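Undergrad: Please find one structure pasted underneath; my questions will follow.
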Amino acid sequence: MSVPAELHYTPEHEWVSLEGTSASVGITDYAAQQLGDVVYVSLPALGATVTAGEPCGEVESVKSVSDLYSPVDGEVIEVNAELEDDPSLVNAEPYTAGWMFRVRVVQDGNGDAALPTDLLSAAEYDELTKSAG
Amino acid sequence: MTSFAGWQMPLRYGSETAEHLAVRRAAGLFDLSHMGEITVTGPDAGAALDYALTGQASAVPPGRARYTMICAEDGGVLDDLVVYRQGKQEFLVIANASNTATVFGALTERAADYDVAVVDATQDYALIAVQGPAAAGILAPLAQLEPAGLELGAMKYYAGAFGTVAGRKAWVARTGYTGEDGFEVYCRPQDAEHVWTVLAAGGTASGGTGAGGTGAGGTGAGGTGAGLVPAGLAARDTLRLEAGMPLYGNELGPDVTPFEAGLGRVVKFDKPGEFVGREALAARASSGPSRHLAGLTIASRRIARHGYPVLADGRTCGTVTSGAPSPTLGVPIAMAYLDRPAASLAGAVLTVGIRGEAVPAHLTDLPFYSRRR
């Protein structure tokens, strides 16, 4: 199971990749394995405002439906349209081709992206999944 | 892994979709040791089961099996069962794991006035299934059946025989829950790991006869190297759904009779003697089912899941009982109980309410999938 060191994580198993003030979001390898084969992904609309910790979509697998939570505050500027035709990309390449949406993150006073302070590091997230068994 | 009826069960080994397709195209290996095994033996075994079940066990010849049900006095389904007749006075009743205690209790109570022993032998059996078009070829080199010379490939569907698999004692039956040809191997729990390992090796070895088989006596050829994969509960559920087979707790339960599920044929009114539920079932047979099990295909990637409402022209007309993506058809499928026959819905716009969205659905005949015979 892979947990790339350069990403940020949430306890709900999303990952965040920050590039300047925009952030790409997806679900982790661990989450994809737990869900099983993903068959449908419902993503937030372009231009939608998302709020950290709030549901903004759904991930359906053969056996279950799970809410997708936004890990950050901001505006949705891009969604991964390829998931519409091939949701299995979430299982195959959760950190690359299986990305879900991109957000222009709310900025702090210095013009930097204001990430929630409770995001986890790779080491912290790895620890979380190991203790979950 | 997942918890199921007190057992730790493999939900999937890898991709459940790949496991499903392997069973349709080659073969899958299932650990079904959670299933309940109840032995009913003695001079009155056939008569006791005739009284306890909807079917006529006494009419089943030794070495054959029947799909049947056990109903409550009011006709409600307590469980659906496979009954094997292993000998003149020996029957093996297979119950769903979650219902084993209920079935054992009901059989014990109903057999009280008969000269028969009812034993819950679940802990004495492991159950390993090989399912798929390649199953016979994989199992044949590893199985020796009684009487000697009985060939696995010649065994009829819904038949069974004692013998050995990978050198270990087993009851081998041509039964399953996938809609494919296949076999179920009932062996001793202490032999299960060996049997599993040898079957897995035999089904993945490239060419030659079954690898590691200590009891190779069959003549089945060409089945090995056929892409056998271990398959979990998730694939088992989508396989049975495509095959239109009911699942207890979804399509079957104490609130429905076999007639609602379209399985009235399991109720043998013409068998001799009384049986539990006869009066209520006869009334239901003459009045017609109160609900109608129907097949749906969903015009979306979203899954119509258990409990979701089915609507005709915007009005609720039923409830989904099982739903899943169909790897074979490439669209989501579902079974649902409707409050009227499917034929009377011709021309209506059908939708399923999937978490607030009305998703178009289409009625289709069950089963969704039938294997070529």
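All residue names refer to the structure tokens as shown: chains lettered A, B, ... in order, residues numbered from 1 in each chain, ligands numbered from 1 in order.
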Within 12 Å of chain B, which residues belong to chain A? Use only C-alpha atoms and report them as number ranges by chain.

TA: A: 32-42, 58-67, 83-88, 91-92, 133

Undergrad: Export N, CA and C atoms of the chosen residues as a compact mmCIF listing (two decimals), in the first residue's frame?

TA:
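What ended up in selection26.txt:
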# COMPACT_ATOMS: atom_id res chain seq x y z
N ALA A 32 -9.07 3.08 -1.53
CA ALA A 32 -9.50 2.37 -2.73
C ALA A 32 -9.51 0.86 -2.49
N GLN A 33 -8.49 0.38 -1.77
CA GLN A 33 -8.45 -1.06 -1.48
C GLN A 33 -9.58 -1.48 -0.56
N GLN A 34 -9.89 -0.61 0.42
CA GLN A 34 -10.97 -0.93 1.35
C GLN A 34 -12.32 -0.94 0.64
N LEU A 35 -12.50 -0.01 -0.31
CA LEU A 35 -13.79 0.08 -1.02
C LEU A 35 -13.98 -1.08 -1.98
N GLY A 36 -12.89 -1.56 -2.56
CA GLY A 36 -13.01 -2.52 -3.65
C GLY A 36 -13.22 -1.77 -4.96
N ASP A 37 -13.64 -2.50 -5.99
CA ASP A 37 -13.71 -1.89 -7.32
C ASP A 37 -14.67 -0.70 -7.34
N VAL A 38 -14.15 0.48 -7.68
CA VAL A 38 -14.97 1.68 -7.75
C VAL A 38 -15.73 1.67 -9.07
N VAL A 39 -17.05 1.89 -8.99
CA VAL A 39 -17.88 1.83 -10.20
C VAL A 39 -18.49 3.18 -10.58
N TYR A 40 -18.45 4.14 -9.68
CA TYR A 40 -19.06 5.45 -9.98
C TYR A 40 -18.49 6.48 -9.03
N VAL A 41 -18.15 7.64 -9.59
CA VAL A 41 -17.68 8.75 -8.75
C VAL A 41 -18.52 9.97 -9.06
N SER A 42 -19.13 10.54 -8.04
CA SER A 42 -19.89 11.77 -8.19
C SER A 42 -19.04 12.90 -7.66
N GLU A 58 -19.54 11.61 -3.99
CA GLU A 58 -19.71 10.23 -3.53
C GLU A 58 -18.81 9.29 -4.32
N VAL A 59 -18.38 8.27 -3.66
CA VAL A 59 -17.61 7.22 -4.33
C VAL A 59 -18.37 5.91 -4.13
N GLU A 60 -18.80 5.30 -5.23
CA GLU A 60 -19.53 4.04 -5.16
C GLU A 60 -18.64 2.90 -5.58
N SER A 61 -18.63 1.86 -4.77
CA SER A 61 -17.95 0.63 -5.17
C SER A 61 -19.00 -0.45 -5.33
N VAL A 62 -18.57 -1.64 -5.69
CA VAL A 62 -19.52 -2.73 -5.87
C VAL A 62 -20.38 -2.90 -4.61
N LYS A 63 -19.73 -2.82 -3.44
CA LYS A 63 -20.43 -3.14 -2.21
C LYS A 63 -20.91 -1.95 -1.40
N SER A 64 -20.46 -0.72 -1.72
CA SER A 64 -20.82 0.37 -0.81
C SER A 64 -20.83 1.73 -1.50
N VAL A 65 -21.40 2.70 -0.81
CA VAL A 65 -21.37 4.10 -1.22
C VAL A 65 -20.72 4.88 -0.09
N SER A 66 -19.74 5.72 -0.41
CA SER A 66 -19.09 6.53 0.62
C SER A 66 -19.12 7.99 0.21
N ASP A 67 -19.26 8.85 1.19
CA ASP A 67 -19.15 10.28 0.91
C ASP A 67 -17.70 10.63 0.60
N LEU A 83 -12.91 9.97 -15.06
CA LEU A 83 -13.50 9.02 -14.10
C LEU A 83 -14.93 8.65 -14.49
N GLU A 84 -15.56 9.53 -15.29
CA GLU A 84 -16.92 9.24 -15.73
C GLU A 84 -16.93 7.95 -16.57
N ASP A 85 -15.96 7.82 -17.46
CA ASP A 85 -15.90 6.65 -18.32
C ASP A 85 -15.15 5.49 -17.68
N ASP A 86 -14.20 5.81 -16.82
CA ASP A 86 -13.37 4.76 -16.26
C ASP A 86 -13.10 4.97 -14.77
N PRO A 87 -14.12 4.73 -13.95
CA PRO A 87 -13.93 4.93 -12.51
C PRO A 87 -12.88 3.99 -11.91
N SER A 88 -12.53 2.93 -12.63
CA SER A 88 -11.54 1.99 -12.08
C SER A 88 -10.14 2.62 -11.99
N ASN A 91 -8.93 2.84 -8.48
CA ASN A 91 -8.24 1.68 -7.92
C ASN A 91 -6.84 1.51 -8.50
N ALA A 92 -6.74 1.73 -9.81
CA ALA A 92 -5.49 1.42 -10.49
C ALA A 92 -4.40 2.44 -10.16
N GLY A 133 -5.89 -1.37 11.20
CA GLY A 133 -5.79 -2.81 10.94
C GLY A 133 -5.89 -3.12 9.48

Undergrad: Near segment 161-176 of chain B, counting only C-alpha atoms, which residues have an atom at most 9 Å away, once you skip same-chain residues fewer than 4 positions from it, shown as a VMD selection string?

TA: chain B and resid 63 to 65 82 84 86 129 to 131 139 to 148 150 152 155 to 157 180 to 188 191 to 192 194 to 195 198 to 199 212 to 216

Undergrad: Write out as a list in words all residues of segment 195-325 of chain B that backbone DSSP assigns to strand (DSSP E).

TA: Leu228, Val229, Pro230, His292, Leu293, Ala294, Gly295, Leu296, Thr297, Ile298, Pro309, Val310, Leu311, Ala312, Arg315, Thr316, Cys317, Gly318, Thr319, Val320, Thr321, Ser322, Gly323, Ala324 and Pro325 of chain B

Undergrad: Write out as an mmCIF file with N, CA and C atoms, in the first residue's frame which residues come within 7 Å of Ala304 of chain B when counting only C-alpha atoms, dropping same-chain ones fewer than 2 positions away.

TA:
data_model
loop_
_atom_site.group_PDB
_atom_site.id
_atom_site.type_symbol
_atom_site.label_atom_id
_atom_site.label_comp_id
_atom_site.auth_asym_id
_atom_site.auth_seq_id
_atom_site.Cartn_x
_atom_site.Cartn_y
_atom_site.Cartn_z
ATOM 1 N N ARG B 302 -24.684 4.335 -11.528
ATOM 2 C CA ARG B 302 -25.005 4.241 -10.103
ATOM 3 C C ARG B 302 -25.755 2.945 -9.816
ATOM 4 N N TYR B 308 -33.849 0.654 -1.927
ATOM 5 C CA TYR B 308 -34.166 1.859 -2.689
ATOM 6 C C TYR B 308 -35.541 1.708 -3.344
ATOM 7 N N VAL B 320 -36.195 -2.142 -4.255
ATOM 8 C CA VAL B 320 -35.059 -2.946 -4.696
ATOM 9 C C VAL B 320 -34.658 -3.924 -3.583
ATOM 10 N N GLY B 323 -28.901 -5.160 -5.651
ATOM 11 C CA GLY B 323 -28.425 -4.423 -6.816
ATOM 12 C C GLY B 323 -26.916 -4.420 -6.857
ATOM 13 N N ALA B 334 -30.537 -5.001 -10.998
ATOM 14 C CA ALA B 334 -31.169 -5.093 -9.688
ATOM 15 C C ALA B 334 -32.350 -6.046 -9.760
ATOM 16 N N VAL B 352 -35.581 4.428 -10.448
ATOM 17 C CA VAL B 352 -35.213 4.023 -9.095
ATOM 18 C C VAL B 352 -34.719 5.271 -8.380
ATOM 19 N N ILE B 354 -32.318 6.844 -6.351
ATOM 20 C CA ILE B 354 -30.976 6.569 -5.836
ATOM 21 C C ILE B 354 -30.502 7.798 -5.076
#

Undergrad: Env of Ser3 of chain B: 12 Å cut, atoms = only C-alpha atoms, seq-sep filter 3 positions within chain, self excluded. Answer as a list in words.

TA: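 The filter keeps Gly6, Trp7, Gln8, Met9, Pro10, Leu11, His34, Ala97, Ser98 and Leu233 of chain B.
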
Undergrad: If you count only C-alpha atoms, which residues fall within 10 Å of Asp118 of chain A, apart from same-chain ones fewer than 5 positions away, as a ChimeraX atom specification?

TA: /A:8-11,71

Undergrad: Can you work out which one of A:Leu68, A:Ala132, A:Ile77, A:Ala48 has the shortest atom-to-atom distance to Trp15 of chain A, counting only C-alpha atoms?

TA: A:Leu68

Undergrad: Identify, on the basis of only C-alpha atoms, every residue whose closest approach to His362 of chain B does not exceed 7 Å; exclude the query and any residue fewer than 5 positions from it along the same chain; express the result as a VMD selection string.

TA: chain B and resid 296 to 298 350

Undergrad: Would you write out those residues with N, CA, C and O atoms, as a PDB file, in the first residue's frame?

TA:
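Result written to selection_21.pdb:
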ATOM      1  N   LEU B 296     -34.347  -5.554 -13.136  1.00  0.00           N
ATOM      2  CA  LEU B 296     -34.190  -4.196 -13.664  1.00  0.00           C
ATOM      3  C   LEU B 296     -32.767  -4.009 -14.168  1.00  0.00           C
ATOM      4  O   LEU B 296     -31.817  -4.510 -13.568  1.00  0.00           O
ATOM      5  N   THR B 297     -32.635  -3.269 -15.266  1.00  0.00           N
ATOM      6  CA  THR B 297     -31.325  -2.731 -15.613  1.00  0.00           C
ATOM      7  C   THR B 297     -31.394  -1.228 -15.386  1.00  0.00           C
ATOM      8  O   THR B 297     -32.444  -0.607 -15.576  1.00  0.00           O
ATOM      9  N   ILE B 298     -30.288  -0.652 -14.961  1.00  0.00           N
ATOM     10  CA  ILE B 298     -30.271   0.749 -14.551  1.00  0.00           C
ATOM     11  C   ILE B 298     -29.505   1.559 -15.600  1.00  0.00           C
ATOM     12  O   ILE B 298     -28.385   1.191 -15.974  1.00  0.00           O
ATOM     13  N   LEU B 350     -40.219   3.892 -15.712  1.00  0.00           N
ATOM     14  CA  LEU B 350     -39.722   3.345 -14.452  1.00  0.00           C
ATOM     15  C   LEU B 350     -38.454   4.072 -14.030  1.00  0.00           C
ATOM     16  O   LEU B 350     -37.568   4.336 -14.852  1.00  0.00           O
TER      17      LEU B 350
END

Undergrad: Quick one: residues within 9 Å of Gly46 of chain B, only C-alpha atoms, excluding same-chain residues fewer than 4 positions away - as a CSV table (one decimal) with N, CA and C atoms, in the first residue's frame?

TA:
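Below is the file selection-v1.csv, written as the result:
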chain,number,residue,atom,x,y,z
B,40,VAL,N,-29.6,-35.4,8.6
B,40,VAL,CA,-30.9,-35.9,9.0
B,40,VAL,C,-30.8,-37.4,8.6
B,41,THR,N,-30.8,-38.3,9.5
B,41,THR,CA,-30.5,-39.7,9.2
B,41,THR,C,-31.5,-40.6,10.0
B,42,GLY,N,-31.8,-41.7,9.5
B,42,GLY,CA,-32.6,-42.7,10.2
B,42,GLY,C,-33.7,-43.2,9.3
B,50,ASP,N,-40.0,-34.6,4.4
B,50,ASP,CA,-41.3,-34.3,3.6
B,50,ASP,C,-42.2,-33.4,4.4
B,51,TYR,N,-42.3,-33.7,5.7
B,51,TYR,CA,-43.1,-32.9,6.6
B,51,TYR,C,-42.6,-31.6,6.9
B,56,GLN,N,-40.2,-32.6,-1.7
B,56,GLN,CA,-40.4,-34.1,-1.4
B,56,GLN,C,-39.1,-34.8,-1.4
B,57,ALA,N,-38.4,-34.7,-0.2
B,57,ALA,CA,-37.1,-35.3,-0.1
B,57,ALA,C,-37.1,-36.8,-0.3
B,58,SER,N,-38.2,-37.4,0.1
B,58,SER,CA,-38.3,-38.9,0.0
B,58,SER,C,-38.3,-39.3,-1.5
B,59,ALA,N,-38.6,-38.4,-2.4
B,59,ALA,CA,-38.6,-38.8,-3.8
B,59,ALA,C,-37.3,-38.6,-4.5
B,60,VAL,N,-36.3,-38.0,-3.7
B,60,VAL,CA,-35.0,-37.8,-4.3
B,60,VAL,C,-34.2,-39.0,-4.3
B,88,LYS,N,-29.8,-44.1,1.5
B,88,LYS,CA,-31.3,-44.4,1.6
B,88,LYS,C,-31.8,-43.7,2.8
B,89,GLN,N,-31.1,-43.7,3.9
B,89,GLN,CA,-31.6,-43.1,5.1
B,89,GLN,C,-30.7,-41.8,5.6
B,90,GLU,N,-29.9,-41.3,4.6
B,90,GLU,CA,-29.0,-40.2,5.0
B,90,GLU,C,-29.2,-39.0,4.1
B,91,PHE,N,-29.5,-37.9,4.7
B,91,PHE,CA,-29.7,-36.7,4.0
B,91,PHE,C,-28.8,-35.6,4.6

Undergrad: By how many Å are atom CA of Val83 of chain B and atom CA of Gly203 of chain B apart?

TA: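 Atom-to-atom, atom CA of Val83 of chain B to atom CA of Gly203 of chain B, that is 28.0 Å.
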
Undergrad: Mind pulling up the distance from atom CA of Thr257 of chain B to atom CA of Ala111 of chain B?

TA: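 Spanning atom CA of Ala111 of chain B to atom CA of Thr257 of chain B is a straight-line distance of 22.1 Å.
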
Undergrad: So the first atom is atom CA of Val76 of chain A and the second is atom CA of Ala123 of chain A; what is the distance between them in Å, to one decimal place?

TA: 27.7 Å

Undergrad: Nearest residue to Ile27 of chain A out of A:Tyr95, A:Asp108, A:Cys56, A:Asn80, using only C-alpha atoms?

TA: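 Answer, going by the shortest atom-to-atom distance: A:Tyr95.
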
Undergrad: Choose the residue, out of B:Leu21, B:Ala285, B:Leu363, B:Ala95, that has the smallest atom-to-atom separation from Ala346 of chain B; count only C-alpha atoms.

TA: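 Of the candidates, the smallest distance to Ala346 of chain B is held by B:Leu363.
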